[in-house]
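Have a look at entry14.tsv; it's TSV, C-alpha atoms:
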```tsv
chain	number	residue	atom	x	y	z
A	1	MET	CA	0.00	0.00	0.00
A	2	ALA	CA	1.22	3.50	-0.81
A	3	THR	CA	2.53	5.58	2.08
A	4	PRO	CA	1.19	9.10	2.72
A	5	GLN	CA	4.39	10.50	1.23
A	6	GLN	CA	4.10	8.35	-1.88
A	7	THR	CA	0.48	9.40	-2.30
A	8	ARG	CA	1.47	13.05	-1.93
A	9	ARG	CA	4.03	12.58	-4.70
A	10	ALA	CA	1.39	10.90	-6.88
A	11	LEU	CA	-0.93	13.86	-6.31
A	12	ASN	CA	1.76	16.27	-7.35
A	13	LEU	CA	2.53	14.29	-10.49
A	14	VAL	CA	-1.11	14.62	-11.54
A	15	ALA	CA	-1.18	18.34	-10.72
A	16	ASP	CA	2.07	18.83	-12.64
A	17	SER	CA	0.54	17.07	-15.65
A	18	ALA	CA	-2.44	19.41	-15.45
A	19	THR	CA	-0.10	22.41	-15.38
A	20	ALA	CA	1.89	21.14	-18.36
A	21	THR	CA	-1.32	20.61	-20.35
A	22	ALA	CA	-2.52	24.11	-19.49
A	23	LEU	CA	0.77	25.68	-20.53
A	24	GLN	CA	0.65	23.80	-23.83
A	25	LEU	CA	-2.80	25.24	-24.38
A	26	LEU	CA	-1.51	28.73	-23.66
A	27	SER	CA	1.37	28.35	-26.13
A	28	SER	CA	-1.05	27.11	-28.80
A	29	THR	CA	-3.22	30.23	-28.63
A	30	SER	CA	-2.68	33.05	-31.08
A	31	GLY	CA	-4.18	36.33	-32.20
A	32	THR	CA	-5.08	39.30	-30.09
A	33	PRO	CA	-4.86	39.17	-26.28
A	34	GLU	CA	-8.65	39.19	-26.20
A	35	GLN	CA	-8.82	36.16	-28.48
A	36	ARG	CA	-6.15	34.31	-26.51
A	37	ARG	CA	-8.00	35.01	-23.26
A	38	LEU	CA	-11.21	33.74	-24.83
A	39	ASP	CA	-9.44	30.55	-25.91
A	40	LEU	CA	-8.13	30.04	-22.38
A	41	LEU	CA	-11.59	30.58	-20.93
A	42	GLY	CA	-12.86	27.89	-23.25
A	43	GLY	CA	-10.09	25.38	-22.51
A	44	ILE	CA	-8.69	25.84	-19.01
A	45	PRO	CA	-11.87	24.89	-17.08
A	46	GLU	CA	-11.99	21.65	-19.08
A	47	VAL	CA	-8.33	20.91	-18.35
A	48	ILE	CA	-8.84	21.55	-14.64
A	49	GLY	CA	-12.05	19.52	-14.56
A	50	TYR	CA	-10.38	16.52	-16.19
A	51	TYR	CA	-7.51	16.43	-13.72
A	52	GLN	CA	-9.78	17.17	-10.76
A	53	GLU	CA	-11.53	13.89	-11.44
A	54	GLY	CA	-8.15	12.21	-11.25
A	55	THR	CA	-7.01	13.76	-7.98
A	56	ALA	CA	-10.39	13.14	-6.33
A	57	ALA	CA	-10.33	9.49	-7.42
A	58	LEU	CA	-6.76	9.15	-6.14
A	59	ALA	CA	-7.88	10.50	-2.76
A	60	ALA	CA	-10.93	8.24	-2.55
A	61	ASP	CA	-8.86	5.15	-3.31
A	62	TYR	CA	-6.25	6.24	-0.78
A	63	TYR	CA	-8.92	6.90	1.86
A	64	ASP	CA	-10.48	3.45	1.39
A	65	ALA	CA	-7.06	1.77	1.52
A	66	GLU	CA	-6.11	3.60	4.72
A	67	ARG	CA	-9.43	2.65	6.28
A	68	ASP	CA	-8.90	-1.01	5.42
A	69	THR	CA	-5.42	-0.88	6.93
A	70	ALA	CA	-6.79	0.65	10.14
A	71	ASN	CA	-9.14	-2.35	10.49
A	72	VAL	CA	-12.03	-0.24	11.72
A	73	SER	CA	-15.44	-1.90	11.93
A	74	GLY	CA	-18.33	-1.13	9.64
A	75	SER	CA	-18.40	-0.44	5.92
A	76	TYR	CA	-17.80	2.88	4.25
A	77	THR	CA	-16.88	3.85	0.70
A	78	ALA	CA	-15.26	7.21	0.16
A	79	ARG	CA	-17.06	9.63	-2.16
A	80	LEU	CA	-15.35	11.99	-4.58
A	81	VAL	CA	-15.59	15.60	-3.43
A	82	ILE	CA	-15.27	18.13	-6.24
A	83	VAL	CA	-16.64	21.51	-5.25
A	84	ASP	CA	-18.19	23.63	-7.99
A	85	ARG	CA	-15.74	26.49	-8.42
A	86	ALA	CA	-16.60	27.36	-12.02
A	87	GLU	CA	-16.91	31.09	-11.39
A	88	LYS	CA	-13.72	31.25	-9.34
A	89	ILE	CA	-11.82	29.31	-12.01
A	90	ARG	CA	-13.14	31.62	-14.70
A	91	ASN	CA	-12.07	34.70	-12.72
A	92	ALA	CA	-8.67	33.15	-12.03
A	93	THR	CA	-8.21	32.39	-15.74
A	94	VAL	CA	-8.99	36.01	-16.61
A	95	TRP	CA	-6.38	37.08	-14.03
A	96	ALA	CA	-3.84	34.67	-15.48
A	97	ALA	CA	-4.40	36.00	-19.01
A	98	GLN	CA	-4.06	39.67	-18.03
A	99	PRO	CA	-0.26	39.88	-18.66
A	100	LEU	CA	-0.89	38.94	-22.30
A	101	PHE	CA	-2.26	42.44	-22.80
A	102	ASP	CA	1.20	43.77	-21.87
A	103	GLY	CA	2.98	41.24	-24.05
A	104	ASN	CA	4.31	39.42	-20.97
A	105	GLU	CA	4.05	35.76	-21.92
A	106	SER	CA	6.22	34.63	-19.00
A	107	ALA	CA	4.01	36.28	-16.40
A	108	ALA	CA	0.90	34.78	-17.99
A	109	SER	CA	2.51	31.32	-17.90
A	110	SER	CA	3.47	31.75	-14.25
A	111	ARG	CA	-0.03	32.87	-13.26
A	112	LEU	CA	-1.70	30.10	-15.22
A	113	ALA	CA	0.54	27.45	-13.66
A	114	GLU	CA	-0.37	28.79	-10.21
A	115	VAL	CA	-4.09	28.60	-10.91
A	116	VAL	CA	-4.11	25.17	-12.53
A	117	GLN	CA	-1.82	23.49	-10.00
A	118	LEU	CA	-3.86	24.74	-7.05
A	119	GLU	CA	-7.28	23.97	-8.54
A	120	SER	CA	-6.27	20.54	-9.83
A	121	ALA	CA	-4.96	19.43	-6.43
A	122	ARG	CA	-7.86	20.86	-4.43
A	123	PRO	CA	-10.27	17.89	-4.84
A	124	PHE	CA	-7.71	15.49	-3.36
A	125	ARG	CA	-7.66	17.48	-0.12
A	126	ASP	CA	-11.42	18.09	-0.18
A	127	THR	CA	-12.09	14.38	-0.67
A	128	ILE	CA	-9.91	13.44	2.31
A	129	THR	CA	-11.27	16.13	4.62
A	130	GLY	CA	-14.87	15.68	3.45
A	131	ASN	CA	-14.92	11.93	4.00
A	132	SER	CA	-13.13	12.30	7.31
A	133	ALA	CA	-16.02	14.49	8.44
A	134	ASP	CA	-18.68	12.07	7.14
A	135	ASP	CA	-17.16	8.77	8.30
A	136	ALA	CA	-18.16	7.91	11.87
A	137	LYS	CA	-14.95	5.90	12.32
A	138	ALA	CA	-12.65	8.77	11.31
A	139	ILE	CA	-11.51	11.19	13.98
A	140	GLY	CA	-10.10	13.72	11.55
A	141	TRP	CA	-7.24	14.25	9.13
A	142	LYS	CA	-3.62	15.30	9.20
A	143	ARG	CA	-1.46	17.29	6.85
A	144	ILE	CA	1.33	15.61	4.89
A	145	SER	CA	3.76	18.46	4.38
A	146	ALA	CA	6.12	18.91	1.48
A	147	GLY	CA	8.29	21.02	3.78
A	148	GLY	CA	8.25	23.98	1.45
A	149	CYS	CA	7.42	26.84	3.81
A	150	LYS	CA	7.11	27.82	7.45
A	151	LEU	CA	3.31	27.79	7.47
A	152	CYS	CA	2.99	24.32	5.97
A	153	ALA	CA	5.59	22.93	8.37
A	154	MET	CA	3.80	24.50	11.31
A	155	LEU	CA	0.41	23.16	10.22
A	156	ALA	CA	1.84	19.63	9.97
A	157	ALA	CA	3.96	19.80	13.14
A	158	ARG	CA	3.61	16.96	15.69
A	159	GLY	CA	1.53	15.02	13.17
A	160	ALA	CA	-1.35	17.20	14.32
A	161	VAL	CA	-4.82	15.78	13.77
A	162	TYR	CA	-7.54	18.23	12.73
A	163	LYS	CA	-10.66	16.93	14.44
A	164	GLU	CA	-13.01	19.89	14.08
A	165	SER	CA	-15.33	19.42	11.10
A	166	THR	CA	-14.95	23.10	10.26
A	167	ALA	CA	-11.14	22.89	10.02
A	168	ARG	CA	-9.91	24.15	6.66
A	169	PHE	CA	-6.97	22.73	4.69
A	170	ALA	CA	-4.97	25.91	4.18
A	171	THR	CA	-3.06	26.19	0.91
A	172	HIS	CA	-0.97	28.73	-0.95
A	173	PRO	CA	0.24	29.06	-4.56
A	174	HIS	CA	2.29	26.01	-5.56
A	175	CYS	CA	1.48	24.23	-2.30
A	176	HIS	CA	2.53	20.58	-2.54
A	177	CYS	CA	1.05	19.32	0.73
A	178	SER	CA	-1.60	16.63	0.90
A	179	ALA	CA	-3.92	15.18	3.54
A	180	ALA	CA	-4.34	11.77	5.17
A	181	PRO	CA	-7.30	10.43	7.17
A	182	VAL	CA	-6.94	9.37	10.80
A	183	PHE	CA	-9.17	6.64	12.23
A	184	LEU	CA	-10.33	5.49	15.65
A	185	GLY	CA	-7.96	3.06	17.28
A	186	GLY	CA	-5.07	3.94	15.01
A	187	ASP	CA	-2.02	6.11	15.56
A	188	GLU	CA	-4.16	9.10	16.40
A	189	GLY	CA	-1.50	11.59	17.40
A	190	GLU	CA	-2.18	14.89	19.15
A	191	GLU	CA	-5.04	17.12	18.14
A	192	ALA	CA	-4.08	20.31	16.36
A	193	SER	CA	-3.29	23.17	18.71
A	194	ALA	CA	-5.34	26.35	18.94
A	195	LEU	CA	-2.65	28.14	16.94
A	196	GLN	CA	-2.72	25.47	14.22
A	197	TYR	CA	-6.49	25.81	13.95
A	198	LEU	CA	-6.04	29.56	13.80
A	199	ALA	CA	-3.44	29.27	11.05
A	200	SER	CA	-5.88	27.15	9.03
A	201	LYS	CA	-8.51	29.89	8.92
A	202	ARG	CA	-9.14	31.80	5.74
A	203	SER	CA	-9.14	35.17	7.47
A	204	ARG	CA	-7.43	36.42	10.61
A	205	SER	CA	-7.34	39.70	12.48
A	206	PRO	CA	-4.19	41.88	12.33
A	207	ASN	CA	-3.32	40.79	15.88
A	208	GLN	CA	-3.76	37.13	14.98
A	209	ARG	CA	-1.59	37.54	11.88
A	210	ALA	CA	1.11	39.21	13.97
A	211	GLN	CA	0.94	36.43	16.57
A	212	LEU	CA	1.23	33.77	13.90
A	213	ARG	CA	4.10	35.52	12.12
A	214	GLU	CA	6.03	35.85	15.39
A	215	TYR	CA	5.49	32.16	16.18
A	216	LEU	CA	6.63	31.05	12.75
A	217	ASN	CA	9.75	33.18	12.85
A	218	GLU	CA	10.65	31.93	16.31
A	219	ASN	CA	9.97	28.25	15.78
A	220	PHE	CA	10.56	27.67	12.07
A	221	ALA	CA	13.37	30.10	11.32
A	222	HIS	CA	15.29	27.35	9.50
A	223	ILE	CA	12.61	27.11	6.81
A	224	HIS	CA	12.32	29.62	3.97
A	225	GLY	CA	9.10	31.53	3.44
```

Please lay out the structure from this file as structure tokens.
Amino acid sequence: MATPQQTRRALNLVADSATATALQLLSSTSGTPEQRRLDLLGGIPEVIGYYQEGTAALAADYYDAERDTANVSGSYTARLVIVDRAEKIRNATVWAAQPLFDGNESAASSRLAEVVQLESARPFRDTITGNSADDAKAIGWKRISAGGCKLCAMLAARGAVYKESTARFATHPHCHCSAAPVFLGGDEGEEASALQYLASKRSRSPNQRAQLREYLNENFAHIHG
């Protein structure tokens, strides 16, 4: 059975394939910036949708395999969780295409890669966290960090288990972290701390941001970002 780290690498391979496909689409467009943007709006959502099916299926298979390994009682089959983000993806594609109007192909490529990588990987995390909330034998999920930045390292520290159903899987551009379910009777680990839950929130007050920044700089100074 694949380890959490091997599954994370598999997720990133799929997301990288999605990014490569999107960049090929960008390079194939021609004409005015308006026409190229229109072509991207027609193609990028389809590219993302195709690879989202793949990352969600990867997560569901991984969830079921981890559950079998944990030997928990009762039956459960993981569902694919793909949130409808059509409008957000459209807006993000428009943002990615904007540098084309300045003749900056490199910036457009960089933006598009950011959008596609993040959106393609999202269903993997949503499938793990969503099923962990639905499954009575799951106590939560933990973050499998790629070790790329202070925040990701802090969110994964101590093998923290996120047990609150409202806990959000925080991401950033080019985030390569994944999630793993945690089941009753297994190696549960410690529950996420109050600060880890805080760091997972979408929005924080200025004081909370300052508190988090100070903690990261003090405790994860050896990590870039």

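Residues in contact with Glu218 in chain A at 12 Å, where all atoms listed in the file are counted and same-chain residues fewer than 5 positions away are skipped, are listed as Lys150, Met154, Gln211, Leu212, Arg213 and Ile223 of chain A.
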
- Note on the structure: Using only C-alpha atoms, the best pick from A:Thr69, A:Thr171, A:Ser75, A:Ser109 as closest to Phe183 in chain A would be A:Thr69

- Query: Counting only C-alpha atoms, which of A:Gly185, A:Ala179, A:Ala97, A:Ala70 gets nearest to Ala146 in chain A?
  - Reply: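 Once distances to Ala146 in chain A are computed over only C-alpha atoms, the minimum belongs to A:Ala179.
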
Would you list the residues near (-0.9, 12.4, 12.4) (no more than 7 Å away, in the coordinates of the file, using all atoms listed in the file) as an mmCIF file with C-alpha atoms, in the frame of the given file?
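Just written: selection25.cif:
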```cif
data_model
loop_
_atom_site.group_PDB
_atom_site.id
_atom_site.type_symbol
_atom_site.label_atom_id
_atom_site.label_comp_id
_atom_site.auth_asym_id
_atom_site.auth_seq_id
_atom_site.Cartn_x
_atom_site.Cartn_y
_atom_site.Cartn_z
ATOM 1 C CA LYS A 142 -3.620 15.300 9.200
ATOM 2 C CA GLY A 159 1.530 15.020 13.170
ATOM 3 C CA ALA A 160 -1.350 17.200 14.320
ATOM 4 C CA VAL A 161 -4.820 15.780 13.770
ATOM 5 C CA VAL A 182 -6.940 9.370 10.800
ATOM 6 C CA GLU A 188 -4.160 9.100 16.400
ATOM 7 C CA GLY A 189 -1.500 11.590 17.400
#
```

All residues 12 Å or closer to Phe220 in chain A, only C-alpha atoms, same chain fewer than 5 positions away omitted, as a PDB file with C-alpha atoms, in the coordinates of the input:
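Saved the output as out_22.pdb:
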```pdb
ATOM      1  CA  GLY A 147       8.290  21.020   3.780  1.00  0.00           C
ATOM      2  CA  GLY A 148       8.250  23.980   1.450  1.00  0.00           C
ATOM      3  CA  CYS A 149       7.420  26.840   3.810  1.00  0.00           C
ATOM      4  CA  LYS A 150       7.110  27.820   7.450  1.00  0.00           C
ATOM      5  CA  LEU A 151       3.310  27.790   7.470  1.00  0.00           C
ATOM      6  CA  CYS A 152       2.990  24.320   5.970  1.00  0.00           C
ATOM      7  CA  ALA A 153       5.590  22.930   8.370  1.00  0.00           C
ATOM      8  CA  MET A 154       3.800  24.500  11.310  1.00  0.00           C
ATOM      9  CA  LEU A 155       0.410  23.160  10.220  1.00  0.00           C
ATOM     10  CA  ALA A 157       3.960  19.800  13.140  1.00  0.00           C
ATOM     11  CA  LEU A 212       1.230  33.770  13.900  1.00  0.00           C
ATOM     12  CA  ARG A 213       4.100  35.520  12.120  1.00  0.00           C
ATOM     13  CA  GLU A 214       6.030  35.850  15.390  1.00  0.00           C
ATOM     14  CA  TYR A 215       5.490  32.160  16.180  1.00  0.00           C
ATOM     15  CA  GLY A 225       9.100  31.530   3.440  1.00  0.00           C
TER      16      GLY A 225
END
```

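Considering the residues A:Leu112, A:Ile144, A:Ala22, A:Leu198 and counting only C-alpha atoms, Thr166 in chain A has its shortest atom-to-atom contact with A:Leu198.
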
- Message: One decimal, in Å: what's the spacing between CA of Thr93 in chain A and CA of Ser120 in chain A?
- Response: 13.4 Å

Determine, for each residue of range 69-138 of chain A having at least one atom at most 12 Å from an atom of range 24-46 of chain A, the closest pair of atoms and their separation in Å to one decimal, counting only C-alpha atoms; order by chain and ascending number, as a Markdown table.
```
| residue | atom | partner | partner_atom | distance |
| --- | --- | --- | --- | --- |
| A:Asp84 | CA | A:Pro45 | CA | 11.1 |
| A:Arg85 | CA | A:Pro45 | CA | 9.6 |
| A:Ala86 | CA | A:Pro45 | CA | 7.4 |
| A:Glu87 | CA | A:Pro45 | CA | 9.8 |
| A:Lys88 | CA | A:Pro45 | CA | 10.2 |
| A:Ile89 | CA | A:Pro45 | CA | 6.7 |
| A:Arg90 | CA | A:Leu41 | CA | 6.5 |
| A:Asn91 | CA | A:Leu41 | CA | 9.2 |
| A:Ala92 | CA | A:Leu41 | CA | 9.7 |
| A:Thr93 | CA | A:Leu41 | CA | 6.5 |
| A:Val94 | CA | A:Arg37 | CA | 6.8 |
| A:Trp95 | CA | A:Arg37 | CA | 9.6 |
| A:Ala96 | CA | A:Arg37 | CA | 8.8 |
| A:Ala97 | CA | A:Arg37 | CA | 5.7 |
| A:Gln98 | CA | A:Arg37 | CA | 8.0 |
| A:Pro99 | CA | A:Pro33 | CA | 8.9 |
| A:Leu100 | CA | A:Pro33 | CA | 5.6 |
| A:Phe101 | CA | A:Pro33 | CA | 5.4 |
| A:Asp102 | CA | A:Pro33 | CA | 8.8 |
| A:Gly103 | CA | A:Pro33 | CA | 8.4 |
| A:Asn104 | CA | A:Pro33 | CA | 10.6 |
| A:Glu105 | CA | A:Ser27 | CA | 8.9 |
| A:Ser106 | CA | A:Ser27 | CA | 10.7 |
| A:Ala107 | CA | A:Leu26 | CA | 11.8 |
| A:Ala108 | CA | A:Leu26 | CA | 8.6 |
| A:Ser109 | CA | A:Leu26 | CA | 7.5 |
| A:Ser110 | CA | A:Leu26 | CA | 11.1 |
| A:Arg111 | CA | A:Leu26 | CA | 11.3 |
| A:Leu112 | CA | A:Leu26 | CA | 8.6 |
| A:Ala113 | CA | A:Leu26 | CA | 10.3 |
| A:Val115 | CA | A:Ile44 | CA | 9.7 |
| A:Val116 | CA | A:Ile44 | CA | 8.0 |
| A:Gln117 | CA | A:Ile44 | CA | 11.6 |
| A:Glu119 | CA | A:Pro45 | CA | 9.7 |
| A:Ser120 | CA | A:Pro45 | CA | 10.1 |
```

- Spatial neighbours of range 126-137 of chain A, 6 Å, only C-alpha atoms, chain gap at least 3 places, as a PyMOL selection string: chain A and resi 80-81+123+140+165+183-184

- Message: Would you compute the distance between CA of Tyr63 in chain A and CA of Cys177 in chain A? Give it in Å to one decimal.
- Response: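 Distance between the two atoms: 16.0 Å.
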